[in-house]
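J.: Right, I'll just put the structure down here and ask away after.
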Amino acid sequence: MSSEEIATIIPALFEETEINGMTLRNRIVRSATWEGLATTEGACTDQLVAFISRLAEGDIGLIISSFTYVLPGGRGLPKMSGFDRDDYVPGYRKMTDAVHARGGKIALQLMHAGAQTRMKWIEGHSPLAPSAVEDRTYRTVPREMTIGEIEEIIEAFGQTARRGAEAGFDAIELHGAHGYLLNQFLSPYTNRRTDRYGGSLANRSRFISEVYHRVRETVGPEFPILMKINCHDFVDGGATLDDWLYLAQRLSEMNIDALEISGGTPASGKFGPNRTGVGTMKKQAYFLPQAREFRRVVDVPLVLVGGVRSPERMEQILAKGTVDYFSMSRPFVREPHLVKRWQGGDLSKAKCISCNLCFRTSLEETGLTCAYEQKLAAKRKGARVR
Ligand SMILES: Cc1cc2nc3c(=O)[nH]c(=O)nc-3n(C[C@H](O)[C@H](O)[C@H](O)COP(=O)(O)O)c2cc1C
């Protein structure tokens, strides 16, 4: 099938669009995915550049980098990216150059883990959070942030965004979801503060708004800023759909350029961000019902993540106008050139079986790979040997 023929079947998915001046070659996004390929101090490596280059060769509209800490005390996993130093700019520049040379665009995802970390990953730093509430998954007991520490972290987001722009990233995405620090401020479970950063929904949203403002100040009005948010935390006492809708409205008023709709935290069990069993058309795009609620209240581009697997389903959703972009994480681990495959005429759904075995591979020397594919390959080899 020619690309013209594909375009008549799925016209909207592969059309060119723009987000605050950033032209995207199609509506498909690589959702941020920790690769475990940075140095232990967070610097970009040749291995990481090669990994991202392979993705860019696959014609993805927008690649979102793996989560990148703004301060070493905010590290959430080993060998994750960090961009807390100016001398890292040339290293990350290699990554953005590689993407641009392949006609793609890349956003830098900024995060601070708050209490969702382990002491061994933040050696020399105290785990910080809005309140001293033990994390339900990591069992880390953080220290309540002082106002001075809140201001320091807000500034670190601003400075890291500046470094990102200097390194050639096309956009910034703030990681507001999945239970990390920004989410911890919004959630009444993790935020028990009684000052202006806690209590009312307006107060619990304040830290996120101030981070956004500082980043906007440093990159300017013409630089795209996206935020990944939850639609619901799906944990007892966590932030609800109404809380997140309220935040989305405030961000929209502050001219956020796009919102990526996710959901859950590591403590959400089967309602977490990367769910299993999404094989059927019906089970795909598991945050779609909530995305409809966001569409009702905000008029900003929406990116839907979570179990998105087939162009046919995406086209149906686009036709209804519920969201504007689709982002995928695990499918690109198995098929970095998935978009190219679809554009080449093979429109069958992503081969990813959403088993989550890829998570563990980011801890290994090789970095992120499809462990299921490796298992299959080993089986095939074994069969030949016998
Ligand atoms: C190995 C792995 C690493 C991930 N790392 C990140 C990350 O760095 N930042 C983030 O926002 N989400 C991260 N996620 C979540 C994904 O971006 C995405 O929200 C989730 O996997 C659902 O999309 P999918 O069904 O297409 O995989 C990660 C997921 C996986 C499987």
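Residues are referred to by chain and number: the chain letter is A, B, ... according to the order shown in the structure tokens, the number counts from 1 in that chain, and ligands are numbered separately from 1 in the order shown.
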Which protein, DNA or RNA residues have an atom within 7 Å of ligand 1, counting only C-alpha atoms and all ligand atoms, as a compact mmCIF listing (two decimals) with N, CA and C atoms, in the first residue's frame?
T.:
# COMPACT_ATOMS: atom_id res chain seq x y z
N SER A 31 5.84 7.91 24.46
CA SER A 31 5.69 8.35 25.85
C SER A 31 7.01 8.12 26.59
N ALA A 32 7.30 8.98 27.55
CA ALA A 32 8.57 8.88 28.29
C ALA A 32 8.77 7.46 28.82
N THR A 33 9.97 6.94 28.64
CA THR A 33 10.26 5.56 29.06
C THR A 33 11.69 5.48 29.57
N TRP A 34 11.83 5.14 30.83
CA TRP A 34 13.15 5.00 31.46
C TRP A 34 13.93 3.88 30.78
N GLU A 35 15.12 4.23 30.27
CA GLU A 35 15.92 3.24 29.52
C GLU A 35 17.05 2.65 30.35
N SER A 66 13.13 9.95 28.43
CA SER A 66 12.79 9.31 29.70
C SER A 66 12.79 10.37 30.80
N PHE A 67 12.17 10.06 31.92
CA PHE A 67 12.12 11.08 32.98
C PHE A 67 13.55 11.45 33.42
N HIS A 175 6.62 16.13 34.40
CA HIS A 175 6.00 14.87 34.85
C HIS A 175 5.17 15.16 36.10
N ALA A 177 2.52 13.24 36.84
CA ALA A 177 1.69 12.05 37.09
C ALA A 177 2.40 10.99 37.92
N LYS A 228 2.44 15.83 31.78
CA LYS A 228 1.80 14.52 31.92
C LYS A 228 1.07 14.54 33.24
N SER A 262 -2.69 10.36 31.72
CA SER A 262 -2.34 9.02 32.20
C SER A 262 -3.14 8.78 33.48
N PRO A 273 -0.36 2.88 35.89
CA PRO A 273 -0.17 3.52 34.58
C PRO A 273 0.03 2.54 33.43
N ASN A 274 0.76 1.43 33.67
CA ASN A 274 1.03 0.48 32.57
C ASN A 274 0.35 -0.85 32.86
N ARG A 275 -0.91 -0.91 32.44
CA ARG A 275 -1.75 -2.06 32.75
C ARG A 275 -1.47 -3.23 31.81
N VAL A 305 -2.47 8.39 26.61
CA VAL A 305 -1.48 7.31 26.79
C VAL A 305 -2.15 6.16 27.55
N GLY A 306 -1.54 4.97 27.46
CA GLY A 306 -2.06 3.84 28.22
C GLY A 306 -2.81 2.85 27.36
N GLY A 307 -2.11 1.80 26.90
CA GLY A 307 -2.77 0.74 26.17
C GLY A 307 -3.25 1.11 24.78
N VAL A 308 -2.67 2.13 24.19
CA VAL A 308 -3.00 2.48 22.81
C VAL A 308 -2.22 1.51 21.91
N SER A 327 -0.04 8.51 22.65
CA SER A 327 1.34 8.19 22.99
C SER A 327 1.43 6.76 23.49
N MET A 328 2.56 6.15 23.17
CA MET A 328 2.80 4.75 23.51
C MET A 328 4.20 4.60 24.08
N SER A 329 4.34 3.66 24.99
CA SER A 329 5.64 3.40 25.59
C SER A 329 6.10 1.99 25.24
N ARG A 330 5.44 0.97 25.83
CA ARG A 330 5.88 -0.41 25.66
C ARG A 330 5.92 -0.87 24.20
N PRO A 331 4.94 -0.48 23.37
CA PRO A 331 5.01 -0.94 21.96
C PRO A 331 6.31 -0.56 21.26
N SER A 354 2.12 -6.23 26.31
CA SER A 354 1.92 -5.48 27.57
C SER A 354 2.19 -6.34 28.80
N ASN A 356 4.95 -6.21 30.66
CA ASN A 356 5.76 -5.43 31.62
C ASN A 356 7.11 -6.06 31.95
N CYS A 358 9.63 -5.72 30.27
CA CYS A 358 10.66 -4.76 29.84
C CYS A 358 11.18 -3.91 31.01
N PHE A 359 10.35 -3.71 32.03
CA PHE A 359 10.76 -2.88 33.16
C PHE A 359 12.12 -3.29 33.72
N SER A 362 15.73 -2.48 32.10
CA SER A 362 16.40 -1.18 32.26
C SER A 362 17.43 -1.21 33.39
N LEU A 368 17.07 -0.84 28.32
CA LEU A 368 15.70 -1.25 27.97
C LEU A 368 15.63 -2.11 26.70
J.: List the spatial neighbours of Glu173 (chain A) as a list in words - criterion: any atom at most 8 Å away, only C-alpha atoms, same-chain residues fewer than 5 positions off excluded.
T.: Ile64, Ala107, Leu108, Gln109, Leu110, Ile225, Leu226, Met227 and Lys228 of chain A
J.: Could you work out how far CA of Glu365 (chain A) lies from CA of Tyr138 (chain A), giving the answer in Å with one decimal?
T.: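 Spanning CA of Tyr138 (chain A) to CA of Glu365 (chain A) is a straight-line distance of 23.3 Å.
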J.: For each of A:His213, A:Arg27, A:Arg380, A:His125, take the minimum atom-to-atom distance to Ile256 (chain A), counting only C-alpha atoms, then give the residue where this is smallest.
T.: A:His213
J.: I'd like to know which residues of region 198-260 of chain A are alpha helix (DSSP H) (by DSSP, run on the backbone); could you write them as JSON, numbers by chain?
T.: {"A": [201, 202, 203, 204, 205, 206, 207, 208, 209, 210, 211, 212, 213, 214, 215, 216, 217, 218, 219, 241, 242, 243, 244, 245, 246, 247, 248, 249, 250, 251, 252, 253]}
J.: Using only C-alpha atoms, pick whichever of A:Lys282, A:Lys105, A:His337, A:Arg162 has the shortest atom-to-atom distance to Gly220 (chain A).
T.: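 Of A:Lys282, A:Lys105, A:His337, A:Arg162, the one nearest Gly220 (chain A), counting only C-alpha atoms, is A:Arg162.
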J.: Could you pull out the strand (DSSP E) residues of region 134-324 of chain A, going by DSSP on the backbone, and write them as a PyMOL selection string?
T.: chain A and resi 143-144+171-175+225-230+258-262+302-305
J.: Please identify all polymer residues within 12 Å of Met95 (chain A), counting only C-alpha atoms, omitting same-chain residues fewer than 4 positions from it, and present them as number ranges by chain.
T.: A: 38, 43-56, 63-65, 88-91, 99-102, 104-108, 164, 167-170
J.: Go ahead and save the residues from that selection, with C-alpha atoms, as a tab-separated table (two decimals), in the first residue's frame.
T.:
chain	number	residue	atom	x	y	z
A	38	ALA	CA	22.43	7.24	31.46
A	43	ALA	CA	24.73	12.15	32.04
A	44	CYS	CA	23.76	11.23	28.49
A	45	THR	CA	25.77	8.33	26.97
A	46	ASP	CA	26.48	7.17	23.41
A	47	GLN	CA	24.31	4.12	24.14
A	48	LEU	CA	21.39	6.38	25.01
A	49	VAL	CA	21.94	8.48	21.87
A	50	ALA	CA	21.95	5.28	19.79
A	51	PHE	CA	18.72	4.12	21.45
A	52	ILE	CA	16.94	7.42	20.78
A	53	SER	CA	18.33	7.54	17.21
A	54	ARG	CA	16.76	4.16	16.49
A	55	LEU	CA	13.40	5.50	17.68
A	56	ALA	CA	13.77	8.63	15.55
A	63	ILE	CA	9.71	11.48	21.19
A	64	ILE	CA	9.50	12.27	24.87
A	65	SER	CA	12.76	11.59	26.69
A	88	TYR	CA	25.74	18.11	30.53
A	89	VAL	CA	24.43	20.33	27.71
A	90	PRO	CA	26.86	19.05	25.01
A	91	GLY	CA	25.98	15.41	25.86
A	99	VAL	CA	16.64	13.17	16.39
A	100	HIS	CA	16.63	16.31	14.24
A	101	ALA	CA	18.92	14.68	11.67
A	102	ARG	CA	16.19	12.04	11.27
A	104	GLY	CA	11.94	14.12	14.36
A	105	LYS	CA	11.15	16.22	17.41
A	106	ILE	CA	12.06	15.53	21.02
A	107	ALA	CA	10.73	16.81	24.35
A	108	LEU	CA	12.61	16.63	27.64
A	164	GLY	CA	17.01	21.55	27.85
A	167	ALA	CA	20.64	21.46	24.35
A	168	GLY	CA	18.15	21.71	21.46
A	169	PHE	CA	15.08	19.99	22.91
A	170	ASP	CA	11.94	21.10	21.06
J.: List as a count of residues only the protein and nucleic acid residues near Glu123 (chain A), meaning an atom at most 10 Å away when only C-alpha atoms are counted, but skip any in the same chain fewer than 5 places from it.
T.: 4
J.: Which residues of region 111-221 of chain A come within 10 Å of region 230-245 of chain A, and for each one, what is the closest pair of atoms and their distance in Å to one decimal, counting only C-alpha atoms, sorted by chain and residue number, as a Markdown table?
T.:
| residue | atom | partner | partner_atom | distance |
| --- | --- | --- | --- | --- |
| A:Arg136 | CA | A:Val235 | CA | 9.9 |
| A:His175 | CA | A:Asn230 | CA | 9.8 |
| A:Gly176 | CA | A:Asn230 | CA | 7.4 |
| A:Ala177 | CA | A:Asn230 | CA | 5.0 |
| A:His178 | CA | A:Asn230 | CA | 6.8 |
| A:Gly179 | CA | A:Asp233 | CA | 7.6 |
| A:Asn183 | CA | A:Ala239 | CA | 8.0 |
| A:Gln184 | CA | A:Gly238 | CA | 8.7 |
| A:Phe185 | CA | A:Ala239 | CA | 9.5 |
| A:Leu186 | CA | A:Ala239 | CA | 6.3 |
| A:Ser187 | CA | A:Ala239 | CA | 4.5 |
| A:Pro188 | CA | A:Gly238 | CA | 5.9 |
| A:Tyr189 | CA | A:Gly237 | CA | 5.0 |
| A:Thr190 | CA | A:Gly238 | CA | 7.7 |
| A:Asn191 | CA | A:Gly238 | CA | 9.5 |
| A:Leu201 | CA | A:Asp243 | CA | 6.9 |
| A:Ala202 | CA | A:Asp243 | CA | 9.5 |
| A:Arg204 | CA | A:Asp243 | CA | 9.4 |
| A:Ser205 | CA | A:Asp243 | CA | 8.8 |
J.: May I ask which of the residues A:Pro311, A:Gly367, A:Ile229, A:Thr276 is the closest one to Ala291 (chain A), counting only C-alpha atoms?
T.: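 For Ala291 (chain A), the nearest of the candidates is A:Ile229.
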J.: Go through A:Asn255, A:Tyr325, A:Leu37, A:Ile153 and flag the residue nearest Glu16 (chain A), using only C-alpha atoms for the distances.
T.: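 Selected residue with least distance to Glu16 (chain A): A:Tyr325.
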J.: Choose the residue, out of A:Ala129, A:Ala161, A:Ile28, A:Val303, that has the smallest atom-to-atom separation from Leu182 (chain A); count only C-alpha atoms.
T.: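 Looking at the shortest contact to Leu182 (chain A), the residue is A:Ala129.
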J.: I'd like the neighbourhood of Gly74 (chain A) as a PyMOL selection string, where a residue qualifies if any of its atoms comes within 9 Å (using only C-alpha atoms), though same-chain residues fewer than 3 positions away should be ignored.
T.: chain A and resi 69-71+111-117+122+125+127-128+181
J.: Kindly give the distance, in Å, that separates CA of Tyr246 (chain A) and CA of Gly269 (chain A), rounded to a single decimal.
T.: 24.9 Å
J.: Please measure the separation of CA of Gln284 (chain A) and CA of Ala378 (chain A), giving the value in Å to one decimal.
T.: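 A separation of 29.0 Å between them.
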